[in-house]
Amino acid sequence: MTLTADAKTSDRQAPPLDDIDGPDAPALRPTRLTVGHVVLGAGFLLAAAIVSILVGPAGLPAGAVLTEVLGRLPLVHLHSGLSATGVVVVWQWRMPRMVLGGLVGAMLAIAGASYQGAFSNPLADPYLLGVASGAGLGATLVVVGAPVIGQIPSDLLPLAAFAGAVLAVTATFALGRSRASERSSASLLLAGVAVAAFFTAVQTFLLQRSSPGQLSTVYSWILGGLSTAGWGQVDLVLPYVGTAILVLLACRRLLDVMSVGDEEATSVGVRAERVRLVVIVAATLGTAAAVSVSGLIGFVGIIVPHTIRLLAGPSYRRILPLSVLFGAGFLILADLLARTVLSPAEIPLGVVTAFLGAPFFLVVLRQARRLG
Amino acid sequence: MKRSWAGYFLARVVVAAIVTALLSAATSAAPVPAAQVAIAGNATAGPVFPVTVHSGDGNVTIQARPVRILCLSPSATQMVYALGAGPQVIGVDEYSSWPADAPRTKFTGAETSAEDYLPLRPDLVVLSYPSGAIVQQLRELKVPVLVLPAATTFAAVYSQLAELAAATGHGAAVGAVEASMKEDISAATHKAGSAARGDSYYIEIDPTYYTATSKTFIGAEFSLFGMRDIADPAGRLSAYPQISAEYILKTNPDYVFLADTVCCQQTPAGFAHRPGFSVLAAVRLHHVIGVNDSVASEWGPHTIETLVALLGDTLRS
């Protein structure tokens with residue numbers, strides 16, 4: 001890869017302020033994040049957020065909704081004229097649903113990108129080390145156990161899903177870490193497969209013995225969705241997702257260095273094994289928090305990073321920040337489709353992302369093959 | 001992993017949908033159930049076996065009056081006991097909650113191997129959602145199987161009642177049971193009067209806003225009172241669609257029925273405290289009513305009479 005020289009130079013020397021547009025732009029592929037990319041990503045996210053706030057079955061006038069939102073900004077004093085009901089719709093439902101969608105999308109996309117970097121595997125996704133199966137088992141235990149244990153608050157489900165996900169990934173680590181560092185990532189992946197199979201087996205057993213009502217509750221959680229999103233869920237996931245995203249963003253240069261191989265990275269002073277551990281822990285905790293409130297939404301962690309890679313090059317200094325912006329915008333738009341295409345009926349969000357994601361991914365794959 | 005899960009469930013859903021479609025096609029293909037013919041012939045002379053009844057998947061001939069009935073469907077259990085065939089029952093599934101003293105087993109009615117049932121030596125098995133090749137396996141063992149799929153209309157309920165009556169040797173009882181159900185329904189609708197005619201309702205099947213349209217059996221029960229289902233515009237692709245809180249607020253239903261009090265511990269008070277719901281007409285008028293989850297999935301006489309009586313009392317006030 002051409003990254004070797006580039007990654008080293010930009011890490012060690014003071015890089016030019018803008019190495020893509022400047023007259024002294026090097027012949028190597030540019031790897032720094034450009035203002036243009038950020039503006040594009042932020043614009044996409046902002047547009048998705050605004051549209052999702054404006055659209056809904058309550059049919060509120062767009063002007064009044066915009067005025068209502070702007071009026072809450074500091075130093076802006078506007079009166080929207082929305083009814084009390086309209087204010088509830090905007091602030092209690094549409095807004096937290098949009099924010100939660102954005103957080104989950106950003107988390108899944110950056111986790112996918114980070115896993116792909118940490119494992120040097122283009123098919124790595126946020127569920128690689130057992131997050132999905134662990135969260136699924138946690139959710140199933142709550143749903144199936146509810147009649148047995150008695151009165152259980154319904155908000156226990158996200159906590160159980162989170163605990164299950166963390167447990168599964170911890171098991172993967174405990175079983176998969178080997179001393180030989182070059183074999184470590186392969187044995188982690190295999191341990192992840194084994195743990196996922198085991199957790200899934202337990203979940204299947206429980207579901208097979210559950211009632212049809214419980215089956216459909218678990219099934220609808222597995223398909224993913226944001227239909228009951230509220231500020232409480234935003235509060236629940238924000239600390240984890242926020243921290244995870246910041247940690248992963250801080251690792252973006254190191255992932256670039258590691259993309260040339262562990263030995264080469266070690267030769268320039270990067271402890272690849274330690275970086276990989278930090279990246280995996282951050283990505284996994286963030287993903288576990290995200291899926292605990294959204295259910296298992298697939299494909300975001302694959303298609304968003306790969307699309308960015310195709311458009312903006314293979315540097316993680318671009319892919320990671322842009323994954324946050326485009327991942328958030330993508331999931332907000334997918335959720336918009338989930339609740340409008342068959343309105344007033346909703347479609348599971350995981351169905352929308354996979355339905356859009358699978359064909360889109362194939363196109364990206366063909367393009368990538370053509371580009372070599 | 002995740003995809004294989006989805007695949008597993010999808011496969012089950014698709015199979016269930018195909019089976020349901022085939023079964024309902026089979027039902028509609030025979031406008032006059034054989035059971036009713038048999039009853040007509042035996043009404044005065046008492047039950048005479050062998051009798052041929054119409055099952056969801058074709059005609060079934062029962063050679064002798066069954067005395068070891070395995071009834072693995074809550075709705076069918078209610079019908080069998082209402083007909084007076086309870087003493088012939090040796091086992092019901094674990095979800096059959098009425099009557100309370102029915103001999104409950106660990107079976108769910110979704111077993112895939114006929115061998116599971118053999119220790120009980122049944123001479124009639126009643127199922128609603130047969131899995132795998134269970135029906136064929138039981139027939140190979142010469143155990144008659146009656147498949148009674150989920151009813152979506154009252155006509156289907158009465159037709160299943162007639163088939164069960166003939167199959168169990170209680171053909172003479174079916175008229176009285178049907179008349180008693182109709183009497184209860186008419187008493188309840190009379191009690192409610194026209195108070196709720198045209199009023200809208202939302203029936204919650206789970207707290208993520210899965211609901212039922214008027215094309216379902218529970219919808220048919222509400223239609224008896226002239227009520228309007230807010231979910232009908234969402235029912236283009238599914239009779240059990242998921243809607244949103246915002247849509248509930250927009251349609252502002254006059255009544256809310258929570259059929260997720262057991263699975264998900266929902267209560268009218270909890271419903272009223274969900275963000276934004278305090279402005280709903282149903283909340284302000286205390287028209288949020290918790291019901292047992294089973295009303296949304298059962299079509300037996302006991303479930304019907306309980307719900308209809310509740311509606312009669314509720315809608316009057």
# chains A, B, ... in the order shown; residues from 1 in each chain; ligands from 1
>>> interface_residues(of="chain A", to="chain B", cutoff="9 Å", atoms="only C-alpha atoms", output="mmCIF file with C-alpha atoms, in the first residue's frame")
data_model
loop_
_atom_site.group_PDB
_atom_site.id
_atom_site.type_symbol
_atom_site.label_atom_id
_atom_site.label_comp_id
_atom_site.auth_asym_id
_atom_site.auth_seq_id
_atom_site.Cartn_x
_atom_site.Cartn_y
_atom_site.Cartn_z
ATOM 1 C CA GLY A 56 -44.599 12.662 10.693
ATOM 2 C CA PRO A 57 -48.212 11.494 10.757
ATOM 3 C CA ALA A 58 -49.322 14.362 13.003
ATOM 4 C CA GLY A 59 -49.030 16.670 9.991
ATOM 5 C CA ALA A 84 -49.195 21.934 23.375
ATOM 6 C CA THR A 85 -49.681 18.640 21.526
ATOM 7 C CA VAL A 88 -44.931 17.240 22.640
ATOM 8 C CA VAL A 89 -44.702 15.665 19.201
ATOM 9 C CA GLN A 92 -40.806 14.297 23.186
ATOM 10 C CA TRP A 93 -41.031 12.073 20.106
ATOM 11 C CA ARG A 94 -39.502 13.281 16.876
ATOM 12 C CA TYR A 127 -21.225 -7.569 15.835
ATOM 13 C CA GLY A 130 -20.489 -11.624 19.887
ATOM 14 C CA ALA A 132 -25.369 -9.282 18.773
ATOM 15 C CA SER A 133 -25.747 -12.770 20.203
ATOM 16 C CA VAL A 143 -38.872 -11.356 27.800
ATOM 17 C CA VAL A 144 -39.091 -15.078 28.519
ATOM 18 C CA ALA A 146 -40.871 -11.891 32.814
ATOM 19 C CA PRO A 147 -43.873 -14.148 33.620
ATOM 20 C CA GLY A 150 -43.015 -11.477 38.063
ATOM 21 C CA GLN A 151 -43.226 -7.726 37.820
ATOM 22 C CA ILE A 152 -40.269 -6.523 35.783
ATOM 23 C CA PRO A 153 -40.010 -2.937 34.619
ATOM 24 C CA SER A 154 -40.056 -2.911 30.832
ATOM 25 C CA VAL A 193 -17.678 -17.119 16.299
ATOM 26 C CA ALA A 196 -21.829 -16.240 19.247
ATOM 27 C CA ALA A 197 -22.819 -19.804 18.359
ATOM 28 C CA THR A 200 -27.391 -18.164 20.021
ATOM 29 C CA THR A 204 -32.833 -20.529 20.423
ATOM 30 C CA ARG A 209 -39.948 -22.995 24.610
ATOM 31 C CA SER A 210 -41.524 -19.529 24.740
ATOM 32 C CA SER A 211 -45.062 -18.494 23.891
ATOM 33 C CA GLY A 213 -46.312 -13.538 22.193
ATOM 34 C CA GLN A 214 -42.826 -13.694 23.676
ATOM 35 C CA THR A 217 -41.547 -9.494 21.218
ATOM 36 C CA TYR A 219 -38.304 -11.045 17.135
ATOM 37 C CA SER A 220 -39.340 -7.404 16.839
ATOM 38 C CA ILE A 222 -34.020 -8.438 16.862
ATOM 39 C CA LEU A 223 -35.279 -6.627 13.764
ATOM 40 C CA LEU A 226 -36.697 3.260 17.330
ATOM 41 C CA SER A 227 -40.487 3.337 17.672
ATOM 42 C CA THR A 228 -40.410 3.954 21.430
ATOM 43 C CA GLY A 230 -37.395 8.880 24.246
ATOM 44 C CA LEU A 296 -29.927 -5.412 16.055
ATOM 45 C CA GLY A 298 -27.497 -4.619 10.460
ATOM 46 C CA ARG A 339 -41.909 5.239 9.563
ATOM 47 C CA LEU A 342 -46.125 2.373 4.807
ATOM 48 C CA SER A 343 -47.386 5.152 7.107
ATOM 49 C CA PRO A 344 -49.148 4.901 9.484
ATOM 50 C CA ALA A 345 -47.639 1.407 9.739
ATOM 51 C CA GLU A 346 -43.954 1.156 10.669
ATOM 52 C CA ILE A 347 -41.328 -1.107 9.093
ATOM 53 C CA PRO A 348 -38.602 -2.559 11.333
#
>>> residues_around(residues="B:Ala150", least_positions_apart="2", cutoff="8 Å", atoms="only C-alpha atoms", output="short mmCIF file (atom, residue, chain, number, x, y, z; two decimals) with C-alpha atoms, in the first residue's frame")
data_model
loop_
_atom_site.label_atom_id
_atom_site.label_comp_id
_atom_site.auth_asym_id
_atom_site.auth_seq_id
_atom_site.Cartn_x
_atom_site.Cartn_y
_atom_site.Cartn_z
CA SER B 128 -54.26 -24.86 15.78
CA LEU B 148 -58.55 -25.61 13.74
CA THR B 152 -60.99 -14.27 11.99
CA GLU B 298 -57.83 -16.58 21.34
CA TRP B 299 -61.24 -17.17 19.78
#
>>> atom_distance(atom1="atom CA of A:Ala272", atom2="atom CA of A:Phe299")
27.0 Å
>>> closest_residue(among="A:Pro122, A:Arg276, A:Gly224, A:Val300", to="A:Ala338", atoms="only C-alpha atoms")
A:Gly224
>>> select_by_dssp(residues="stretch 118-161 of chain B", states="strand (DSSP E or B)", output="PDB file with N, CA and C atoms, in the first residue's frame")
ATOM      1  N   LEU B 124     -57.675 -38.640  19.800  1.00  0.00           N
ATOM      2  CA  LEU B 124     -57.968 -37.475  18.963  1.00  0.00           C
ATOM      3  C   LEU B 124     -57.028 -36.360  19.398  1.00  0.00           C
ATOM      4  N   VAL B 125     -56.354 -35.745  18.437  1.00  0.00           N
ATOM      5  CA  VAL B 125     -55.474 -34.610  18.742  1.00  0.00           C
ATOM      6  C   VAL B 125     -56.044 -33.373  18.050  1.00  0.00           C
ATOM      7  N   VAL B 126     -56.191 -32.279  18.816  1.00  0.00           N
ATOM      8  CA  VAL B 126     -56.682 -31.029  18.244  1.00  0.00           C
ATOM      9  C   VAL B 126     -55.555 -30.003  18.295  1.00  0.00           C
ATOM     10  N   LEU B 127     -55.232 -29.403  17.136  1.00  0.00           N
ATOM     11  CA  LEU B 127     -54.141 -28.432  17.041  1.00  0.00           C
ATOM     12  C   LEU B 127     -54.631 -27.184  16.300  1.00  0.00           C
ATOM     13  N   VAL B 145     -56.443 -36.312  13.611  1.00  0.00           N
ATOM     14  CA  VAL B 145     -56.006 -34.960  13.987  1.00  0.00           C
ATOM     15  C   VAL B 145     -57.000 -33.959  13.428  1.00  0.00           C
ATOM     16  N   LEU B 146     -57.423 -33.042  14.282  1.00  0.00           N
ATOM     17  CA  LEU B 146     -58.305 -31.977  13.839  1.00  0.00           C
ATOM     18  C   LEU B 146     -57.504 -30.677  13.922  1.00  0.00           C
ATOM     19  N   VAL B 147     -57.333 -29.998  12.774  1.00  0.00           N
ATOM     20  CA  VAL B 147     -56.601 -28.727  12.766  1.00  0.00           C
ATOM     21  C   VAL B 147     -57.618 -27.587  12.685  1.00  0.00           C
TER      22      VAL B 147
END
>>> residues_around(residues="A:Ala229", least_positions_apart="6", cutoff="8 Å", atoms="only C-alpha atoms", output="list in words")
Trp93, Pro96, Arg97 and Leu100 of chain A
>>> atom_distance(atom1="atom CA of B:Val53", atom2="atom CA of B:Ala176")
19.6 Å
>>> select_by_dssp(residues="stretch 39-203 of chain A", states="alpha helix (DSSP H)", output="ChimeraX atom specification")
/A:39-54,62-71,84-88,95-119,131-149,156-176,181-203
>>> atom_distance(atom1="atom CA of A:Ile50", atom2="atom CA of A:Val104")
17.4 Å
